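K.L.:
Please find input-v2.csv (CSV, C-alpha atoms (C1' of nucleotides)) on the next line:
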chain,number,residue,atom,x,y,z
A,1,MET,CA,101.2,93.8,102.0
A,2,LEU,CA,98.2,95.4,100.4
A,3,LYS,CA,99.0,98.4,102.6
A,4,LEU,CA,97.1,101.6,103.0
A,5,SER,CA,99.2,104.7,102.2
A,6,LYS,CA,100.4,106.7,105.2
A,7,LEU,CA,98.1,109.5,104.3
A,8,THR,CA,95.1,107.2,104.4
A,9,ASP,CA,96.2,106.0,107.8
A,10,TYR,CA,96.5,109.6,109.0
A,11,ALA,CA,93.0,110.3,107.5
A,12,ALA,CA,91.5,107.5,109.6
A,13,VAL,CA,93.2,108.7,112.7
A,14,VAL,CA,92.1,112.3,112.2
A,15,MET,CA,88.5,111.3,111.2
A,16,ALA,CA,88.3,109.2,114.4
A,17,GLN,CA,89.5,112.1,116.4
A,18,ILE,CA,86.8,114.3,115.0
A,19,ALA,CA,84.2,111.6,115.5
A,20,ARG,CA,84.9,111.6,119.2
A,21,HIS,CA,83.7,115.2,119.4
A,22,PRO,CA,81.4,115.6,116.5
A,23,GLU,CA,79.6,118.6,118.0
A,24,ARG,CA,82.4,121.1,117.6
A,25,ALA,CA,84.6,122.3,114.8
A,26,HIS,CA,88.2,121.2,114.8
A,27,ALA,CA,91.0,123.4,113.5
A,28,ALA,CA,93.7,121.7,111.5
A,29,ALA,CA,96.4,122.8,114.0
A,30,ASP,CA,94.5,121.4,116.9
A,31,LEU,CA,93.9,118.1,115.2
A,32,ALA,CA,97.6,117.8,114.3
A,33,ASP,CA,98.6,118.4,117.9
A,34,ALA,CA,96.0,115.9,119.2
A,35,VAL,CA,97.2,113.1,116.9
A,36,GLN,CA,100.9,114.1,117.1
A,37,LEU,CA,101.4,114.4,113.4
A,38,PRO,CA,103.0,117.3,111.4
A,39,HIS,CA,100.7,120.2,110.8
A,40,PRO,CA,101.1,120.6,107.0
A,41,THR,CA,100.5,116.9,106.4
A,42,VAL,CA,97.4,116.8,108.5
A,43,SER,CA,96.2,119.9,106.7
A,44,LYS,CA,96.7,118.3,103.3
A,45,THR,CA,94.8,115.2,104.5
A,46,LEU,CA,91.9,117.3,105.7
A,47,LYS,CA,91.6,119.0,102.4
A,48,MET,CA,91.3,115.7,100.6
A,49,LEU,CA,88.6,114.6,103.0
A,50,VAL,CA,86.7,117.8,102.3
A,51,LYS,CA,87.1,117.4,98.6
A,52,ALA,CA,85.7,113.8,98.9
A,53,GLY,CA,82.7,115.1,100.8
A,54,LEU,CA,83.4,113.4,104.1
A,55,LEU,CA,84.1,116.6,106.0
A,56,THR,CA,82.8,120.1,105.8
A,57,SER,CA,84.9,123.1,106.5
A,58,ARG,CA,84.5,126.7,107.6
A,59,ARG,CA,87.2,129.3,107.3
A,60,GLY,CA,88.2,132.1,109.6
A,61,ALA,CA,88.2,132.5,113.4
A,62,GLN,CA,86.3,129.7,115.1
A,63,GLY,CA,86.3,127.8,111.9
A,64,GLY,CA,87.5,124.3,111.3
A,65,TYR,CA,86.3,120.9,110.2
A,66,ARG,CA,83.2,118.8,111.0
A,67,LEU,CA,81.9,115.5,109.8
A,68,SER,CA,79.5,115.9,106.9
A,69,ARG,CA,77.4,113.0,108.3
A,70,ALA,CA,77.2,110.7,111.2
A,71,PRO,CA,80.1,108.4,112.0
A,72,SER,CA,78.0,105.4,111.4
A,73,GLU,CA,77.3,106.6,107.9
A,74,ILE,CA,81.0,107.0,107.0
A,75,THR,CA,82.8,103.8,106.0
A,76,ALA,CA,86.4,102.6,105.8
A,77,SER,CA,85.8,102.4,102.0
A,78,ASP,CA,84.9,106.0,102.0
A,79,ILE,CA,88.0,107.1,103.8
A,80,ILE,CA,90.3,105.0,101.6
A,81,ALA,CA,88.6,106.2,98.5
A,82,ALA,CA,88.9,109.8,99.6
A,83,ILE,CA,92.7,109.5,99.7
A,84,GLU,CA,93.6,106.8,97.3
A,85,GLY,CA,90.6,106.4,95.0
A,86,PRO,CA,88.1,103.5,95.0
A,87,VAL,CA,89.3,100.2,96.3
A,88,ALA,CA,90.6,98.0,93.5
A,89,MET,CA,93.1,95.2,93.8
A,90,THR,CA,93.9,95.1,90.1
A,91,GLU,CA,94.0,97.6,87.2
A,92,CYS,CA,91.0,95.9,85.7
A,93,SER,CA,88.9,96.3,88.9
A,94,GLN,CA,89.0,100.1,88.5
A,95,ALA,CA,86.3,101.9,86.7
A,96,ASP,CA,88.7,103.5,84.4
A,97,GLY,CA,91.2,100.6,84.3
A,98,ASP,CA,92.9,99.8,81.0
A,99,CYS,CA,94.8,96.6,80.7
A,100,ASP,CA,95.1,95.2,77.2
A,101,LEU,CA,95.6,91.7,78.7
A,102,VAL,CA,92.3,91.5,80.5
A,103,SER,CA,90.9,89.1,78.0
A,104,SER,CA,93.9,86.8,77.9
A,105,CYS,CA,95.1,86.8,81.5
A,106,GLY,CA,92.5,84.4,82.7
A,107,VAL,CA,92.2,85.7,86.2
A,108,ALA,CA,90.7,89.2,85.7
A,109,ASP,CA,87.2,88.1,86.4
A,110,ASN,CA,88.0,86.4,89.6
A,111,TRP,CA,90.2,89.2,90.9
A,112,GLN,CA,87.3,91.5,90.3
A,113,ARG,CA,85.1,89.3,92.4
A,114,VAL,CA,87.7,89.3,95.2
A,115,THR,CA,87.8,93.1,95.0
A,116,LEU,CA,84.1,93.2,95.5
A,117,GLY,CA,84.4,91.0,98.5
A,118,VAL,CA,87.0,93.3,100.0
A,119,ARG,CA,85.0,96.3,99.2
A,120,THR,CA,82.0,94.9,100.9
A,121,LEU,CA,83.9,94.1,103.9
A,122,LEU,CA,85.3,97.6,104.1
A,123,ASP,CA,81.9,99.1,103.5
A,124,SER,CA,80.7,97.3,106.6
A,125,VAL,CA,83.3,98.9,108.8
A,126,THR,CA,82.2,102.4,109.8
A,127,LEU,CA,84.0,105.4,111.4
A,128,ALA,CA,81.9,104.7,114.4
A,129,HIS,CA,83.6,101.3,114.7
A,130,LEU,CA,87.0,102.7,114.0
A,131,ALA,CA,86.7,105.5,116.5
A,132,ARG,CA,85.8,103.3,119.4
A,133,ALA,CA,88.8,103.3,121.7
A,134,GLU,CA,89.4,99.8,122.9
A,135,PRO,CA,92.5,99.9,125.0
A,136,LEU,CA,91.4,96.6,126.7
A,137,LYS,CA,91.6,94.7,123.4
A,138,LEU,CA,88.3,93.2,124.0
A,139,PRO,CA,86.8,91.5,120.9
A,140,VAL,CA,84.5,93.9,119.3
A,141,GLN,CA,81.5,92.7,117.4
A,142,LEU,CA,81.5,94.3,114.1
A,143,PRO,CA,78.5,93.8,111.9
A,144,ILE,CA,80.1,91.6,109.3
A,145,GLN,CA,78.0,88.6,109.3
A,146,SER,CA,78.4,87.2,105.9
A,147,VAL,CA,80.2,88.0,102.7
A,148,THR,CA,79.3,85.8,99.8
A,149,LEU,CA,81.1,86.5,96.6
A,150,ALA,CA,78.5,84.8,94.4
A,151,ALA,CA,75.9,87.2,95.6
A,152,MET,CA,78.0,90.1,94.5
A,153,ALA,CA,79.1,88.9,91.2
A,154,GLU,CA,76.2,90.5,89.4
A,155,GLY,CA,77.4,94.0,90.2
B,1,MET,CA,93.1,101.7,95.7
B,2,LEU,CA,94.7,99.1,97.9
B,3,LYS,CA,96.2,97.7,94.7
B,4,LEU,CA,98.3,94.7,94.3
B,5,SER,CA,101.7,95.4,92.8
B,6,LYS,CA,102.2,94.5,89.2
B,7,LEU,CA,104.5,91.7,90.1
B,8,THR,CA,101.8,90.1,92.3
B,9,ASP,CA,99.4,90.4,89.4
B,10,TYR,CA,101.9,88.6,87.1
B,11,ALA,CA,102.5,86.0,89.8
B,12,ALA,CA,98.8,85.2,89.9
B,13,VAL,CA,98.5,85.0,86.1
B,14,VAL,CA,101.6,82.7,85.9
B,15,MET,CA,100.4,80.5,88.7
B,16,ALA,CA,97.1,80.1,87.1
B,17,GLN,CA,98.7,79.2,83.8
B,18,ILE,CA,100.8,76.5,85.6
B,19,ALA,CA,97.7,75.3,87.5
B,20,ARG,CA,95.9,74.6,84.2
B,21,HIS,CA,98.6,72.0,83.3
B,22,PRO,CA,99.9,70.9,86.7
B,23,GLU,CA,101.3,67.6,85.3
B,24,ARG,CA,104.2,69.0,83.4
B,25,ALA,CA,107.1,71.3,84.1
B,26,HIS,CA,106.9,74.8,82.6
B,27,ALA,CA,110.0,76.7,81.4
B,28,ALA,CA,110.1,80.4,82.3
B,29,ALA,CA,110.4,81.3,78.6
B,30,ASP,CA,107.3,79.2,77.7
B,31,LEU,CA,105.3,80.8,80.5
B,32,ALA,CA,106.3,84.3,79.4
B,33,ASP,CA,105.2,83.6,75.9
B,34,ALA,CA,101.9,82.0,77.1
B,35,VAL,CA,101.0,85.0,79.2
B,36,GLN,CA,102.5,87.6,77.0
B,37,LEU,CA,104.8,89.2,79.4
B,38,PRO,CA,108.5,90.1,79.2
B,39,HIS,CA,110.7,87.1,79.9
B,40,PRO,CA,113.0,88.6,82.5
B,41,THR,CA,110.1,89.9,84.5
B,42,VAL,CA,108.3,86.6,84.5
B,43,SER,CA,111.6,84.9,85.4
B,44,LYS,CA,112.0,87.2,88.4
B,45,THR,CA,108.5,86.5,89.5
B,46,LEU,CA,109.0,82.7,89.3
B,47,LYS,CA,112.1,82.9,91.4
B,48,MET,CA,110.2,84.7,94.1
B,49,LEU,CA,107.4,82.1,94.0
B,50,VAL,CA,110.0,79.3,94.4
B,51,LYS,CA,111.6,81.1,97.3
B,52,ALA,CA,108.2,81.4,99.0
B,53,GLY,CA,107.7,77.7,98.5
B,54,LEU,CA,104.7,77.8,96.2
B,55,LEU,CA,106.6,76.4,93.2
B,56,THR,CA,109.4,73.9,92.9
B,57,SER,CA,112.0,74.1,90.1
B,58,ARG,CA,114.4,71.9,88.2
B,59,ARG,CA,117.3,73.2,86.3
B,60,GLY,CA,118.7,72.0,83.0
B,61,ALA,CA,117.1,70.5,79.9
B,62,GLN,CA,113.5,69.5,80.4
B,63,GLY,CA,113.5,71.5,83.6
B,64,GLY,CA,111.1,74.2,84.6
B,65,TYR,CA,108.6,75.0,87.3
B,66,ARG,CA,105.8,73.0,89.0
B,67,LEU,CA,103.3,73.7,91.7
B,68,SER,CA,104.6,72.5,95.1
B,69,ARG,CA,101.0,71.5,96.1
B,70,ALA,CA,97.5,71.3,94.7
B,71,PRO,CA,95.9,74.5,93.3
B,72,SER,CA,93.2,74.1,95.9
B,73,GLU,CA,95.9,74.3,98.6
B,74,ILE,CA,97.4,77.5,97.4
B,75,THR,CA,95.6,80.7,98.4
B,76,ALA,CA,95.5,84.2,97.1
B,77,SER,CA,97.0,85.2,100.4
B,78,ASP,CA,99.9,82.9,99.7
B,79,ILE,CA,100.6,84.4,96.3
B,80,ILE,CA,100.4,88.0,97.7
B,81,ALA,CA,102.6,87.1,100.6
B,82,ALA,CA,105.2,85.5,98.2
B,83,ILE,CA,105.7,88.8,96.4
B,84,GLU,CA,104.8,91.6,98.8
B,85,GLY,CA,105.0,90.0,102.2
B,86,PRO,CA,102.1,89.1,104.5
B,87,VAL,CA,98.8,91.0,104.0
B,88,ALA,CA,98.7,94.0,106.3
B,89,MET,CA,96.8,97.1,105.9
B,90,THR,CA,98.7,99.2,108.4
B,91,GLU,CA,102.2,99.2,109.7
B,92,CYS,CA,101.0,97.9,113.0
B,93,SER,CA,99.2,94.9,111.4
B,94,GLN,CA,102.6,93.6,110.3
B,95,ALA,CA,104.5,91.1,112.5
B,96,ASP,CA,107.5,93.3,112.6
B,97,GLY,CA,105.7,96.6,112.4
B,98,ASP,CA,107.0,99.5,114.4
B,99,CYS,CA,104.9,102.6,114.8
B,100,ASP,CA,105.4,104.7,117.9
B,101,LEU,CA,101.9,106.0,117.7
B,102,VAL,CA,100.1,102.7,118.0
B,103,SER,CA,99.1,103.3,121.6
B,104,SER,CA,97.9,106.9,120.9
B,105,CYS,CA,96.3,106.7,117.5
B,106,GLY,CA,93.1,105.1,118.7
B,107,VAL,CA,92.4,103.1,115.6
B,108,ALA,CA,95.2,100.6,115.5
B,109,ASP,CA,93.2,97.8,117.1
B,110,ASN,CA,90.4,98.1,114.7
B,111,TRP,CA,92.5,98.3,111.6
B,112,GLN,CA,94.2,95.1,112.8
B,113,ARG,CA,90.8,93.4,113.0
B,114,VAL,CA,89.9,94.6,109.5
B,115,THR,CA,93.2,93.3,108.3
B,116,LEU,CA,92.3,89.9,109.7
B,117,GLY,CA,89.0,90.0,107.9
B,118,VAL,CA,90.7,90.7,104.6
B,119,ARG,CA,93.3,88.1,105.2
B,120,THR,CA,90.6,85.5,105.9
B,121,LEU,CA,88.8,86.4,102.8
B,122,LEU,CA,92.0,86.1,100.8
B,123,ASP,CA,92.7,82.8,102.5
B,124,SER,CA,89.5,81.4,101.3
B,125,VAL,CA,90.2,82.2,97.6
B,126,THR,CA,92.4,79.5,96.1
B,127,LEU,CA,94.5,79.1,93.0
B,128,ALA,CA,91.9,76.6,91.9
B,129,HIS,CA,89.3,79.4,91.9
B,130,LEU,CA,91.5,81.9,90.2
B,131,ALA,CA,92.6,79.6,87.5
B,132,ARG,CA,89.0,78.7,86.5
B,133,ALA,CA,88.5,80.4,83.2
B,134,GLU,CA,85.1,82.0,83.1
B,135,PRO,CA,84.7,83.8,79.8
B,136,LEU,CA,81.0,83.6,80.2
B,137,LYS,CA,81.1,85.7,83.4
B,138,LEU,CA,78.8,83.3,85.2
B,139,PRO,CA,78.6,83.9,88.9
B,140,VAL,CA,81.0,81.5,90.5
B,141,GLN,CA,80.2,80.2,93.9
B,142,LEU,CA,83.3,80.8,96.0
B,143,PRO,CA,83.3,79.2,99.4
B,144,ILE,CA,83.2,82.4,101.4
B,145,GLN,CA,80.2,81.9,103.5
B,146,SER,CA,80.8,84.0,106.5
B,147,VAL,CA,83.5,86.3,107.8
B,148,THR,CA,82.9,87.4,111.3
B,149,LEU,CA,85.5,89.7,112.7
B,150,ALA,CA,84.7,89.1,116.3
B,151,ALA,CA,85.5,85.4,115.9
B,152,MET,CA,89.0,86.3,114.6
B,153,ALA,CA,89.8,89.0,117.1
B,154,GLU,CA,91.5,86.6,119.5
B,155,GLY,CA,94.3,85.8,117.0
C,1,DA,C1',130.9,67.7,76.5
C,2,DT,C1',127.4,70.7,75.7
C,3,DA,C1',123.1,72.8,75.4
C,4,DT,C1',119.4,73.9,78.4
C,5,DA,C1',117.4,76.1,82.1
C,6,DG,C1',117.2,78.1,86.8
C,7,DA,C1',119.6,80.9,91.0
C,8,DG,C1',121.1,85.0,92.7
C,9,DG,C1',122.0,89.4,92.8
C,10,DA,C1',123.5,94.1,90.9
C,11,DC,C1',121.9,97.9,88.7
C,12,DT,C1',119.0,101.6,86.5
C,13,DA,C1',114.9,104.1,85.3
C,14,DA,C1',110.6,105.6,86.3
C,15,DA,C1',106.8,106.4,89.2
C,16,DA,C1',104.4,107.0,93.4
C,17,DT,C1',104.5,108.9,97.9
C,18,DG,C1',105.3,111.9,101.6
C,19,DG,C1',106.1,116.1,103.1
C,20,DT,C1',106.7,121.3,103.0
C,21,DC,C1',105.6,125.8,101.7
C,22,DC,C1',103.6,129.9,99.6
C,23,DT,C1',99.9,132.8,98.1
C,24,DC,C1',95.0,133.7,98.0
C,25,DA,C1',90.2,133.7,99.9
C,26,DA,C1',86.7,133.6,103.4
C,27,DT,C1',85.0,134.4,108.1
C,28,DG,C1',84.5,136.3,112.7
C,29,DC,C1',85.6,139.8,116.0
C,30,DC,C1',86.6,144.3,117.6
D,1,DG,C1',86.5,148.8,108.2
D,2,DG,C1',90.5,146.5,109.6
D,3,DC,C1',92.8,142.6,111.4
D,4,DA,C1',93.7,138.1,113.1
D,5,DT,C1',92.3,133.6,112.1
D,6,DT,C1',91.7,129.6,109.4
D,7,DG,C1',91.0,126.9,105.2
D,8,DA,C1',91.8,126.4,99.7
D,9,DG,C1',94.7,125.3,96.2
D,10,DG,C1',98.5,124.2,94.1
D,11,DA,C1',103.6,124.1,93.2
D,12,DC,C1',107.5,121.9,94.5
D,13,DC,C1',111.2,118.6,96.0
D,14,DA,C1',113.2,114.6,98.3
D,15,DT,C1',112.8,110.0,99.1
D,16,DT,C1',111.3,105.5,98.6
D,17,DT,C1',109.3,101.9,96.1
D,18,DT,C1',108.6,99.4,92.0
D,19,DA,C1',109.5,97.7,87.6
D,20,DG,C1',112.3,95.9,84.6
D,21,DT,C1',116.9,94.3,82.7
D,22,DC,C1',121.1,92.0,82.6
D,23,DC,C1',125.2,89.4,84.0
D,24,DT,C1',127.5,85.5,86.0
D,25,DC,C1',127.2,81.1,88.1
D,26,DT,C1',125.3,76.4,88.9
D,27,DA,C1',122.7,72.2,88.1
D,28,DT,C1',120.7,68.8,84.9
D,29,DA,C1',119.7,65.9,80.8
D,30,DT,C1',121.3,63.8,76.7
Please render this file's structure as structure tokens.

P.N.:
Amino acid sequence: MLKLSKLTDYAAVVMAQIARHPERAHAAADLADAVQLPHPTVSKTLKMLVKAGLLTSRRGAQGGYRLSRAPSEITASDIIAAIEGPVAMTECSQADGDCDLVSSCGVADNWQRVTLGVRTLLDSVTLAHLARAEPLKLPVQLPIQSVTLAAMAEG
Amino acid sequence: MLKLSKLTDYAAVVMAQIARHPERAHAAADLADAVQLPHPTVSKTLKMLVKAGLLTSRRGAQGGYRLSRAPSEITASDIIAAIEGPVAMTECSQADGDCDLVSSCGVADNWQRVTLGVRTLLDSVTLAHLARAEPLKLPVQLPIQSVTLAAMAEG
DNA sequence: ATATAGAGGACTAAAATGGTCCTCAATGCC
DNA sequence: GGCATTGAGGACCATTTTAGTCCTCTATAT
């Protein structure tokens, strides 16, 4: 599996929706209608995205949400991290991870490298890519040319 | 997050342990002792790995578990799939996924491509890599040279 | 025959997740 | 200034998932 939570999924859909009309502010209710999801849930998701710094908000009439930076500057990693926290496949790949078996389990190091690989991959996918509607299922060239774990292991 | 379940984590640890002594059969109890995890839980994990075809088992005295193929032929994807099912970041990336919003959500296609990227990365990490004990934290060259999403989009 | 060891599944407890709602605060408009 | 609009923040509950345990049955070696 390795599945995203539903909220993360919603977050991506909503972010993409905003990214398609970045010039104007989007009210939570409008977004919920547009993406066909329950209002309270979308609202909750939006708040998390603001808290994470991916969106800015303005209250009151004519208020709503806007991207805090260009779609090409917001990554899949960012969106996932906003809802679920930083990408980490194992406890010990987290910054604050505490697993007393790290030293004895024998695979911790390598899982951490794999996590870095996944993170790098997700860093290279931006909201600009995600938002691109591709109803024709044409192969889209995403800018992932090379992911070499060895090169990242020093991090 | 995007975290592996604990059982998957255990599975990797146990598989690595077996991979370090592939010639002999390992009893569940011995493995549990070796990796310092509760016996029943390790036992459950082993059964799942057998069911998925990654291990073979033999009952009775002198029985136990063995790898069903070489460590270099067993991938991280295989281990994850054995416990959690195939790697899929979204509902719609699963073979049997049913999400009525696929057509309208606008990001389904691209998440599916990202899933393929992650899957490819995890396919390229083998049990042989995972089992390699690296207490010195030397950078390990894993054979992930290039992951290009466009090349996979036809799948 | 018997001790060993896995298969299979039922079951429970605990935790994470999803989803809703309520009250408060800010903003724009008249 | 007053009011309608819209987000902030958090409490709360229901459901699902996960983890973990245990019991009974079956196969194998000696």

K.L.:
Could you give me, as JSON lines, every chain D residue with an atom at most 10 Å from chain A, plus its closest atom pair and distance in Å to one decimal, counting all atoms listed in the file, rows ordered by chain then number?

P.N.:
{"residue": "D:DA4", "atom": "C1'", "partner": "A:Ala61", "partner_atom": "CA", "distance": 7.9}
{"residue": "D:DT5", "atom": "C1'", "partner": "A:Ala61", "partner_atom": "CA", "distance": 4.4}
{"residue": "D:DT6", "atom": "C1'", "partner": "A:Gly60", "partner_atom": "CA", "distance": 4.3}
{"residue": "D:DG7", "atom": "C1'", "partner": "A:Arg59", "partner_atom": "CA", "distance": 5.0}
{"residue": "D:DA8", "atom": "C1'", "partner": "A:Lys47", "partner_atom": "CA", "distance": 7.9}
{"residue": "D:DG9", "atom": "C1'", "partner": "A:Lys47", "partner_atom": "CA", "distance": 9.4}

K.L.:
Here's a check: after a least-squares fit over all in-order C-alpha atoms, write chain B in the frame of chain A, as a compact mmCIF listing (two decimals) with C-alpha atoms, keeping the file's coordinate frame.

P.N.:
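Done, and the output landed in result-v4.txt:
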# COMPACT_ATOMS: atom_id res chain seq x y z
CA MET B 1 101.23 93.79 102.03
CA LEU B 2 98.28 95.46 100.39
CA LYS B 3 99.03 98.42 102.66
CA LEU B 4 97.16 101.58 102.96
CA SER B 5 99.22 104.66 102.19
CA LYS B 6 100.38 106.71 105.10
CA LEU B 7 98.07 109.50 104.21
CA THR B 8 95.05 107.14 104.39
CA ASP B 9 96.26 106.01 107.78
CA TYR B 10 96.44 109.66 108.97
CA ALA B 11 93.02 110.32 107.44
CA ALA B 12 91.53 107.52 109.51
CA VAL B 13 93.21 108.67 112.73
CA VAL B 14 92.04 112.31 112.13
CA MET B 15 88.53 111.25 111.29
CA ALA B 16 88.31 109.21 114.36
CA GLN B 17 89.56 112.08 116.47
CA ILE B 18 86.83 114.34 114.94
CA ALA B 19 84.21 111.59 115.42
CA ARG B 20 84.92 111.52 119.18
CA HIS B 21 83.76 115.19 119.44
CA PRO B 22 81.39 115.55 116.48
CA GLU B 23 79.63 118.60 118.03
CA ARG B 24 82.37 121.11 117.59
CA ALA B 25 84.55 122.33 114.77
CA HIS B 26 88.19 121.21 114.83
CA ALA B 27 91.04 123.43 113.55
CA ALA B 28 93.71 121.65 111.50
CA ALA B 29 96.39 122.82 113.95
CA ASP B 30 94.43 121.41 116.96
CA LEU B 31 93.94 118.09 115.20
CA ALA B 32 97.64 117.84 114.34
CA ASP B 33 98.59 118.43 117.90
CA ALA B 34 95.95 115.92 119.18
CA VAL B 35 97.22 113.18 116.92
CA GLN B 36 100.82 114.11 116.99
CA LEU B 37 101.43 114.53 113.38
CA PRO B 38 103.06 117.32 111.36
CA HIS B 39 100.65 120.18 110.75
CA PRO B 40 101.08 120.57 107.01
CA THR B 41 100.55 116.90 106.44
CA VAL B 42 97.41 116.77 108.50
CA SER B 43 96.23 119.94 106.72
CA LYS B 44 96.72 118.26 103.34
CA THR B 45 94.85 115.24 104.48
CA LEU B 46 91.87 117.32 105.72
CA LYS B 47 91.63 119.10 102.43
CA MET B 48 91.38 115.81 100.62
CA LEU B 49 88.66 114.59 103.02
CA VAL B 50 86.66 117.81 102.37
CA LYS B 51 87.04 117.38 98.65
CA ALA B 52 85.72 113.81 98.91
CA GLY B 53 82.77 115.12 100.85
CA LEU B 54 83.39 113.37 104.15
CA LEU B 55 84.12 116.59 106.05
CA THR B 56 82.77 120.09 105.75
CA SER B 57 84.89 123.17 106.58
CA ARG B 58 84.51 126.76 107.64
CA ARG B 59 87.17 129.31 107.23
CA GLY B 60 88.12 132.14 109.55
CA ALA B 61 88.09 132.51 113.33
CA GLN B 62 86.25 129.74 115.09
CA GLY B 63 86.31 127.78 111.87
CA GLY B 64 87.56 124.29 111.34
CA TYR B 65 86.35 120.92 110.19
CA ARG B 66 83.23 118.82 110.96
CA LEU B 67 81.93 115.48 109.84
CA SER B 68 79.48 115.89 106.92
CA ARG B 69 77.38 112.95 108.29
CA ALA B 70 77.19 110.58 111.23
CA PRO B 71 80.24 108.39 112.02
CA SER B 72 78.03 105.39 111.47
CA GLU B 73 77.40 106.62 107.91
CA ILE B 74 81.00 106.96 106.98
CA THR B 75 82.80 103.76 105.98
CA ALA B 76 86.37 102.66 105.83
CA SER B 77 85.85 102.35 102.12
CA ASP B 78 84.89 105.98 102.02
CA ILE B 79 88.01 107.13 103.83
CA ILE B 80 90.27 104.96 101.56
CA ALA B 81 88.52 106.17 98.48
CA ALA B 82 88.93 109.86 99.62
CA ILE B 83 92.71 109.52 99.64
CA GLU B 84 93.66 106.75 97.22
CA GLY B 85 90.64 106.41 94.99
CA PRO B 86 88.12 103.55 94.95
CA VAL B 87 89.27 100.16 96.34
CA ALA B 88 90.61 98.02 93.53
CA MET B 89 93.01 95.27 93.72
CA THR B 90 93.90 95.11 90.05
CA GLU B 91 93.98 97.59 87.26
CA CYS B 92 90.98 95.97 85.71
CA SER B 93 88.89 96.28 88.93
CA GLN B 94 89.07 100.06 88.54
CA ALA B 95 86.27 101.93 86.72
CA ASP B 96 88.69 103.49 84.36
CA GLY B 97 91.17 100.67 84.27
CA ASP B 98 92.87 99.84 81.02
CA CYS B 99 94.82 96.64 80.68
CA ASP B 100 95.12 95.10 77.25
CA LEU B 101 95.58 91.69 78.71
CA VAL B 102 92.29 91.46 80.54
CA SER B 103 90.76 89.12 77.99
CA SER B 104 93.88 86.84 77.89
CA CYS B 105 95.09 86.77 81.45
CA GLY B 106 92.48 84.34 82.67
CA VAL B 107 92.22 85.68 86.17
CA ALA B 108 90.76 89.11 85.72
CA ASP B 109 87.19 88.05 86.44
CA ASN B 110 88.07 86.41 89.64
CA TRP B 111 90.24 89.17 90.96
CA GLN B 112 87.31 91.52 90.28
CA ARG B 113 85.07 89.31 92.42
CA VAL B 114 87.65 89.28 95.22
CA THR B 115 87.86 93.01 94.96
CA LEU B 116 84.12 93.19 95.50
CA GLY B 117 84.42 91.01 98.55
CA VAL B 118 87.02 93.29 100.05
CA ARG B 119 85.09 96.35 99.18
CA THR B 120 81.99 94.94 100.90
CA LEU B 121 83.93 94.13 103.94
CA LEU B 122 85.36 97.64 104.01
CA ASP B 123 81.88 99.02 103.47
CA SER B 124 80.65 97.34 106.52
CA VAL B 125 83.33 98.88 108.81
CA THR B 126 82.29 102.38 109.83
CA LEU B 127 83.95 105.39 111.36
CA ALA B 128 81.87 104.64 114.41
CA HIS B 129 83.67 101.29 114.74
CA LEU B 130 87.08 102.68 114.10
CA ALA B 131 86.75 105.51 116.48
CA ARG B 132 85.74 103.22 119.40
CA ALA B 133 88.73 103.24 121.67
CA GLU B 134 89.41 99.75 122.90
CA PRO B 135 92.50 99.81 125.08
CA LEU B 136 91.35 96.65 126.70
CA LYS B 137 91.52 94.74 123.38
CA LEU B 138 88.12 93.19 123.96
CA PRO B 139 86.71 91.48 120.93
CA VAL B 140 84.40 93.94 119.30
CA GLN B 141 81.43 92.63 117.47
CA LEU B 142 81.52 94.25 114.04
CA PRO B 143 78.46 93.73 111.91
CA ILE B 144 80.11 91.61 109.26
CA GLN B 145 78.01 88.57 109.29
CA SER B 146 78.38 87.14 105.88
CA VAL B 147 80.22 87.99 102.69
CA THR B 148 79.25 85.80 99.85
CA LEU B 149 81.01 86.53 96.63
CA ALA B 150 78.53 84.85 94.39
CA ALA B 151 75.80 87.22 95.60
CA MET B 152 77.94 90.23 94.55
CA ALA B 153 79.11 88.89 91.23
CA GLU B 154 76.24 90.49 89.32
CA GLY B 155 77.42 94.04 90.16

K.L.:
Could you write out as a list in words the residues of chain C within 12 Å of chain A, counting all atoms listed in the file?

P.N.:
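Using all atoms listed in the file, chain C residues at most 12 Å from chain A: DA16, DT17, DG18, DG19, DT20, DC21, DA25, DA26, DT27, DG28 and DC29 of chain C.
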
K.L.:
May I have the residues within 9 Å of region 7-15 of chain C as a VMD selection string, using all atoms listed in the file and disregarding those fewer than 2 positions away in the same chain?

P.N.:
(chain B and resid 47) or (chain D and resid 17 to 23 25 to 26)

K.L.:
With distances taken over all atoms listed in the file, which residue among A:Thr115, A:Ser124, A:Thr90, A:Thr8 lies nearest chain B?

P.N.:
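Of all the options, A:Thr90 lies closest to chain B.
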
K.L.:
Go ahead and compute the interatomic distance for CA of Leu55 (chain B) and CA of Asp78 (chain B), in Å to one decimal.

P.N.:
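A separation of 11.4 Å between them.
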
K.L.:
Taking all atoms listed in the file into account, name the residue in A:Leu49, A:Ile18, A:Val107, A:Val102 that is nearest to Gly85 (chain A).

P.N.:
A:Leu49

K.L.:
Ranking A:Leu127, A:Ala16, A:Val87, A:Met48 by minimum distance to chain B and counting all atoms listed in the file, which one comes first?

P.N.:
A:Val87

K.L.:
Nearest residue to chain B out of A:Leu37, A:Ala95, A:Leu122, A:Met89, using all atoms listed in the file?

P.N.:
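When distances to chain B are compared using all atoms listed in the file, the smallest one comes from A:Met89.
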